[in-house]
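File shown here: run24.txt, holding compact mmCIF, C-alpha atoms.
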```txt
# COMPACT_ATOMS: atom_id res chain seq x y z
CA MET C 238 -13.96 7.77 -48.68
CA PRO C 239 -16.29 7.63 -51.72
CA GLN C 240 -20.02 7.22 -51.22
CA LYS C 241 -22.39 5.49 -53.60
CA TRP C 242 -26.04 6.48 -53.40
CA ALA C 243 -29.27 5.20 -54.91
CA VAL C 244 -31.61 8.15 -55.47
CA TRP C 245 -35.28 7.65 -56.38
CA LEU C 246 -36.75 10.07 -58.92
CA ALA C 247 -40.26 10.77 -60.20
CA VAL C 248 -40.43 11.87 -63.85
CA ASP C 249 -43.48 13.57 -65.34
CA GLY C 250 -44.59 16.34 -67.69
CA ASP C 251 -42.57 17.17 -70.79
CA LEU C 252 -39.49 15.56 -69.27
CA ARG C 253 -40.96 12.12 -69.92
CA PHE C 254 -40.40 12.67 -73.66
CA LEU C 255 -36.61 12.88 -73.27
CA SER C 256 -34.55 10.05 -74.67
CA HIS C 257 -32.31 8.15 -72.28
CA HIS C 258 -29.28 10.05 -73.59
CA ASP C 259 -30.96 13.43 -73.09
CA MET C 260 -32.23 12.39 -69.68
CA MET C 261 -28.71 11.54 -68.59
CA ARG C 262 -27.50 14.93 -69.81
CA ALA C 263 -30.28 16.65 -67.85
CA VAL C 264 -29.39 14.74 -64.68
CA GLU C 265 -25.68 15.46 -65.15
CA ARG C 266 -26.38 19.19 -65.51
CA GLN C 267 -28.58 19.04 -62.41
CA THR C 268 -25.83 17.44 -60.30
CA VAL C 269 -23.31 20.02 -61.50
CA ARG C 270 -25.66 22.88 -60.58
CA ALA C 271 -26.16 21.23 -57.20
CA ARG C 272 -22.37 21.38 -56.68
CA LEU C 273 -22.23 17.73 -55.73
CA PRO C 274 -18.72 16.32 -55.17
CA LEU C 275 -19.09 13.85 -58.03
CA ARG C 276 -16.58 11.10 -58.66
CA TYR C 277 -15.29 11.10 -62.25
CA SER C 278 -13.82 8.37 -64.39
CA GLN C 279 -10.14 8.43 -65.31
CA GLY C 280 -8.78 9.00 -68.79
CA PHE C 281 -8.87 11.51 -71.63
CA ASN C 282 -12.62 12.21 -71.37
CA PRO C 283 -13.63 11.85 -67.71
CA ARG C 284 -17.32 11.29 -67.04
CA PRO C 285 -19.25 11.54 -63.77
CA ALA C 286 -20.17 8.28 -62.05
CA LEU C 287 -23.90 8.49 -62.77
CA SER C 288 -26.31 5.92 -64.17
CA LEU C 289 -30.04 5.32 -64.42
CA VAL C 290 -30.61 1.72 -63.43
CA LEU C 291 -33.57 1.02 -65.74
CA PRO C 292 -33.80 3.47 -68.66
CA ARG C 293 -37.33 4.79 -69.01
CA PRO C 294 -39.13 4.37 -72.36
CA VAL C 295 -39.59 7.69 -74.16
CA GLY C 296 -43.02 9.12 -73.38
CA VAL C 297 -43.62 7.06 -70.24
CA ALA C 298 -43.88 8.87 -66.90
CA SER C 299 -42.29 7.17 -63.91
CA LEU C 300 -42.80 7.16 -60.17
CA GLU C 301 -39.64 5.15 -59.45
CA ASP C 302 -36.65 5.91 -61.63
CA LEU C 303 -33.43 5.12 -59.80
CA LEU C 304 -30.22 7.12 -60.16
CA ALA C 305 -26.95 5.57 -58.98
CA ILE C 306 -24.47 8.28 -58.09
CA THR C 307 -20.94 8.14 -56.61
CA LEU C 308 -19.50 11.02 -54.59
CA ASP C 309 -15.85 11.67 -53.76
CA VAL C 310 -16.77 13.48 -50.53
CA PRO C 311 -19.43 12.09 -48.14
CA LEU C 312 -22.74 13.94 -47.77
CA GLU C 313 -25.65 13.44 -45.42
CA GLN C 314 -28.81 12.04 -46.96
CA ALA C 315 -30.86 15.18 -46.26
CA GLU C 316 -28.24 17.47 -47.81
CA LEU C 317 -27.97 15.31 -50.92
CA LEU C 318 -31.73 15.36 -51.48
CA ASP C 319 -32.01 19.07 -50.71
CA ARG C 320 -29.31 19.96 -53.22
CA LEU C 321 -30.84 17.79 -55.92
CA ALA C 322 -34.37 19.09 -55.29
CA ALA C 323 -33.20 22.71 -55.40
CA THR C 324 -31.69 22.28 -58.88
CA ALA C 325 -34.15 19.80 -60.40
CA PRO C 326 -35.83 20.80 -63.69
CA LYS C 327 -39.62 20.88 -63.82
CA GLY C 328 -40.97 17.34 -63.99
CA LEU C 329 -38.06 15.73 -62.10
CA SER C 330 -38.53 15.09 -58.37
CA PRO C 331 -35.90 13.35 -56.22
CA TYR C 332 -37.63 12.03 -53.11
CA ARG C 333 -35.58 9.23 -51.52
CA ALA C 334 -31.90 8.32 -51.15
CA VAL C 335 -30.25 5.16 -49.81
CA LEU C 336 -26.55 4.73 -49.17
CA LEU C 337 -25.20 1.61 -50.90
CA GLY C 338 -22.57 -0.64 -49.39
CA PRO C 339 -19.13 -1.14 -50.95
CA GLY C 340 -19.18 -3.18 -54.16
CA VAL C 341 -22.99 -3.20 -54.38
CA ARG C 342 -25.13 -1.96 -57.25
CA PRO C 343 -28.92 -1.82 -57.72
CA LEU C 344 -30.48 -4.08 -60.33
CA ALA C 345 -34.03 -3.90 -61.73
CA ARG C 346 -35.87 -7.22 -61.31
CA SER C 347 -39.37 -6.25 -62.47
CA ALA C 348 -41.33 -3.16 -63.50
CA ASP C 349 -45.04 -2.37 -63.09
CA LEU C 350 -46.79 -0.12 -65.59
CA GLU C 351 -50.33 1.21 -65.76
CA LEU C 352 -52.52 2.77 -68.46
CA ALA C 353 -55.96 4.29 -67.91
CA LEU C 354 -58.39 3.00 -70.56
CA SER C 355 -61.55 4.58 -71.88
CA PRO C 356 -64.68 2.38 -71.55
CA GLU C 357 -64.43 1.64 -75.28
CA GLN C 358 -60.76 0.67 -74.99
CA ALA C 359 -61.39 -1.51 -71.95
CA GLY C 360 -64.17 -3.30 -73.83
CA CYS C 361 -61.70 -4.23 -76.59
CA VAL C 362 -58.54 -4.79 -74.56
CA ALA C 363 -60.03 -7.11 -71.90
CA PRO C 364 -61.05 -9.85 -74.37
CA ARG C 365 -57.75 -9.43 -76.21
CA VAL C 366 -55.88 -10.06 -72.94
CA ARG C 367 -57.96 -13.20 -72.34
CA GLU C 368 -57.19 -14.34 -75.88
CA LEU C 369 -53.45 -13.85 -75.32
CA ASP C 370 -53.63 -15.78 -72.04
CA ASP C 371 -54.49 -18.89 -74.06
CA GLN C 372 -51.58 -18.49 -76.46
CA PRO C 373 -48.20 -20.13 -75.73
CA ALA C 374 -46.21 -17.37 -77.45
CA TRP C 375 -46.62 -13.69 -78.29
CA PRO C 376 -44.45 -13.18 -81.38
CA MET C 377 -43.41 -9.66 -82.26
CA ARG C 378 -40.94 -8.01 -84.63
CA ARG C 379 -38.59 -5.60 -82.86
CA VAL C 380 -37.59 -2.87 -85.27
CA THR C 381 -34.69 -0.50 -84.71
CA GLY C 382 -33.20 2.53 -86.43
CA ASP C 383 -34.64 3.20 -89.88
CA GLU C 384 -36.54 -0.10 -90.11
CA SER C 385 -40.27 0.08 -90.73
CA LEU C 386 -43.05 -2.15 -89.44
CA ASP C 387 -44.52 -1.98 -92.94
CA ASP C 388 -41.59 -4.07 -94.18
CA PRO C 389 -42.45 -7.73 -93.48
CA HIS C 390 -38.76 -8.62 -93.37
CA ALA C 391 -37.68 -5.84 -91.02
CA GLY C 392 -36.92 -6.31 -87.37
CA LYS C 393 -35.82 -9.10 -85.12
CA PRO C 394 -38.39 -11.72 -84.10
CA ILE C 395 -38.95 -11.94 -80.35
CA ASP C 396 -41.44 -13.61 -78.02
CA LEU C 397 -42.93 -11.16 -75.55
CA ARG C 398 -44.65 -13.77 -73.42
CA PRO C 399 -41.71 -14.67 -71.11
CA LEU C 400 -41.05 -10.94 -70.63
CA VAL C 401 -44.54 -10.21 -69.23
CA ARG C 402 -45.26 -11.69 -65.81
CA ARG C 403 -48.71 -10.14 -65.48
CA MET C 404 -51.15 -8.41 -67.83
CA VAL C 405 -54.69 -7.65 -66.64
CA VAL C 406 -57.48 -5.12 -67.12
CA GLU C 407 -58.90 -3.93 -63.80
CA ASN C 408 -61.25 -0.99 -63.24
CA HIS C 409 -60.63 0.36 -66.73
CA ARG C 410 -56.87 0.17 -66.24
CA LEU C 411 -54.33 -1.96 -68.04
CA ARG C 412 -51.78 -3.21 -65.52
CA LEU C 413 -48.51 -4.84 -66.58
CA THR C 414 -45.59 -6.41 -64.78
CA LEU C 415 -42.54 -6.76 -67.00
CA VAL C 416 -39.50 -8.90 -66.19
CA PRO C 417 -36.13 -9.26 -67.92
CA LEU C 418 -34.84 -12.36 -69.67
CA ASN C 419 -31.10 -12.43 -70.36
CA GLN C 420 -31.11 -8.66 -69.73
CA ALA C 421 -33.78 -8.09 -72.40
CA TRP C 422 -37.04 -6.31 -71.55
CA ALA C 423 -40.35 -6.01 -73.37
CA ARG C 424 -40.95 -2.51 -74.66
CA PRO C 425 -44.27 -0.94 -73.55
CA ALA C 426 -44.91 0.15 -77.16
CA GLU C 427 -44.68 -3.51 -78.22
CA ILE C 428 -47.27 -4.50 -75.62
CA LEU C 429 -49.61 -1.76 -76.86
CA ARG C 430 -49.16 -2.97 -80.44
CA LEU C 431 -49.95 -6.50 -79.30
CA LEU C 432 -53.18 -5.20 -77.74
CA ASN C 433 -54.12 -3.14 -80.81
CA LEU C 434 -53.65 0.12 -78.91
CA ASP C 435 -51.91 3.26 -80.17
CA GLU C 436 -48.22 2.83 -79.44
CA ARG C 437 -47.67 6.59 -79.56
CA ALA C 438 -50.72 8.34 -78.09
CA ASP C 439 -51.42 5.63 -75.49
CA LEU C 440 -47.72 5.27 -74.67
CA ALA C 441 -47.66 8.96 -73.69
CA ARG C 442 -50.36 8.25 -71.08
CA MET C 443 -48.55 5.31 -69.53
CA VAL C 444 -46.97 5.44 -66.08
CA ARG C 445 -44.29 3.20 -64.63
CA THR C 446 -45.69 2.89 -61.12
CA HIS C 447 -43.14 0.63 -59.43
CA VAL C 448 -39.79 -1.03 -60.05
CA ASP C 449 -38.45 -3.83 -57.89
CA TYR C 450 -34.80 -2.94 -57.39
CA GLY C 451 -32.55 -5.60 -55.91
CA LEU C 452 -28.89 -5.38 -55.00
CA GLU C 453 -26.02 -7.41 -56.40
CA ALA C 454 -22.26 -7.41 -55.98
CA GLU C 455 -20.44 -5.52 -58.71
CA LYS C 456 -18.24 -7.65 -60.94
CA SER C 457 -14.53 -7.09 -60.60
CA THR C 458 -12.80 -5.47 -63.58
CA SER C 459 -9.38 -6.81 -62.60
```
Go ahead and render the structure in this file as structure tokens.
Amino acid sequence: MPQKWAVWLAVDGDLRFLSHHDMMRAVERQTVRARLPLRYSQGFNPRPALSLVLPRPVGVASLEDLLAITLDVPLEQAELLDRLAATAPKGLSPYRAVLLGPGVRPLARSADLELALSPEQAGCVAPRVRELDDQPAWPMRRVTGDESLDDPHAGKPIDLRPLVRRMVVENHRLRLTLVPLNQAWARPAEILRLLNLDERADLARMVRTHVDYGLEAEKSTS
């Protein structure tokens, strides 16, 4: 009988700069090296039943990525983690696994992120956060592909405010709690831009410290 597991991963080092596509390829190679009895899709180009529940922004380290994985042959929790740990690339650490019930999938409900600020940054960011607290909307242009922020007509207008539950500066640390709205999430780089921080250099120092994963019934495809 197939097993579906939720496996928690920590991602750090150079691995945090992988795109979601490259991260999935790295995880797939890891599971193959671990000789896991993966379940594959049917059809001309079968793919393993693997997914990362909340794709990690490029450059952001994470303490709680979640991999959903389906096996054709049951394994014990300890064996699953041991096999994954033995084949994990540097910067990827599987540390917890939970067996999911039939027809259940994990769903990200909120994500906490943290950025250490220099004293100079904290002195600028804290008043900016207070200023934003008094504003009813946080408009931003979301650019994709070859679009440039220098083009005033590029990008899709969005309001970041309903996507940010909490934004504070505490002990020289920026702490954020992001939430989805109609499956859309705020991008950490957009928050940094809103705060007049460097959306490249500062993004590479950001850590996703916690994700609240809930469970929901999978929708029938019949």
For Arg276 in chain C, find every residue with an atom within 8 Å (counting only C-alpha atoms), except residues of its own chain fewer than 6 positions away, and show them as a short mmCIF file (atom, residue, chain, number, x, y, z; two decimals) with C-alpha atoms, in the coordinates of the input.
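What ended up in selection.cif:
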```
data_model
loop_
_atom_site.label_atom_id
_atom_site.label_comp_id
_atom_site.auth_asym_id
_atom_site.auth_seq_id
_atom_site.Cartn_x
_atom_site.Cartn_y
_atom_site.Cartn_z
CA PRO C 239 -16.29 7.63 -51.72
CA PRO C 285 -19.25 11.54 -63.77
CA ALA C 286 -20.17 8.28 -62.05
CA THR C 307 -20.94 8.14 -56.61
CA LEU C 308 -19.50 11.02 -54.59
CA ASP C 309 -15.85 11.67 -53.76
#
```
Interface rows for range 264-365 of chain C against range 392-409 of chain C: nearest pair, Å to one decimal, 9 Å, all atoms listed in the file, as CSV:
```
residue,atom,partner,partner_atom,distance
C:Ser347,CA,C:Arg402,CA,8.7
C:Asp349,CA,C:Arg403,CA,8.9
C:Leu352,CA,C:His409,CA,8.6
C:Ala353,CA,C:His409,CA,6.2
C:Leu354,CA,C:His409,CA,5.2
C:Ser355,CA,C:His409,CA,6.7
C:Pro356,CA,C:His409,CA,6.6
C:Gln358,CA,C:His409,CA,8.3
C:Ala359,CA,C:His409,CA,5.6
C:Gly360,CA,C:His409,CA,8.7
C:Val362,CA,C:Val406,CA,7.5
C:Ala363,CA,C:Val406,CA,5.8
```
Once you count only C-alpha atoms, what closest atom pair and distance in Å to one decimal does each residue of range 284-365 of chain C within 9 Å of range 419-434 of chain C have, with rows by chain and rising residue number, as a tab-separated table?
```
residue	atom	partner	partner_atom	distance
C:Pro294	CA	C:Arg424	CA	7.5
C:Val297	CA	C:Pro425	CA	8.7
C:Leu350	CA	C:Pro425	CA	8.4
C:Gln358	CA	C:Leu434	CA	8.1
C:Cys361	CA	C:Leu432	CA	8.7
C:Val362	CA	C:Leu432	CA	6.2
C:Arg365	CA	C:Leu432	CA	6.4
```
Interatomic distance between CA of Asp249 in chain C and CA of Arg442 in chain C?
->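 So the two atoms, CA of Asp249 in chain C and CA of Arg442 in chain C, lie 10.4 Å apart.
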Looking at C:Val295, C:Met238, C:Ala305, C:Leu329, which one is nearest to Glu436 in chain C, with distances taken over all atoms listed in the file?
->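 Of C:Val295, C:Met238, C:Ala305, C:Leu329, the one nearest Glu436 in chain C, counting all atoms listed in the file, is C:Val295.
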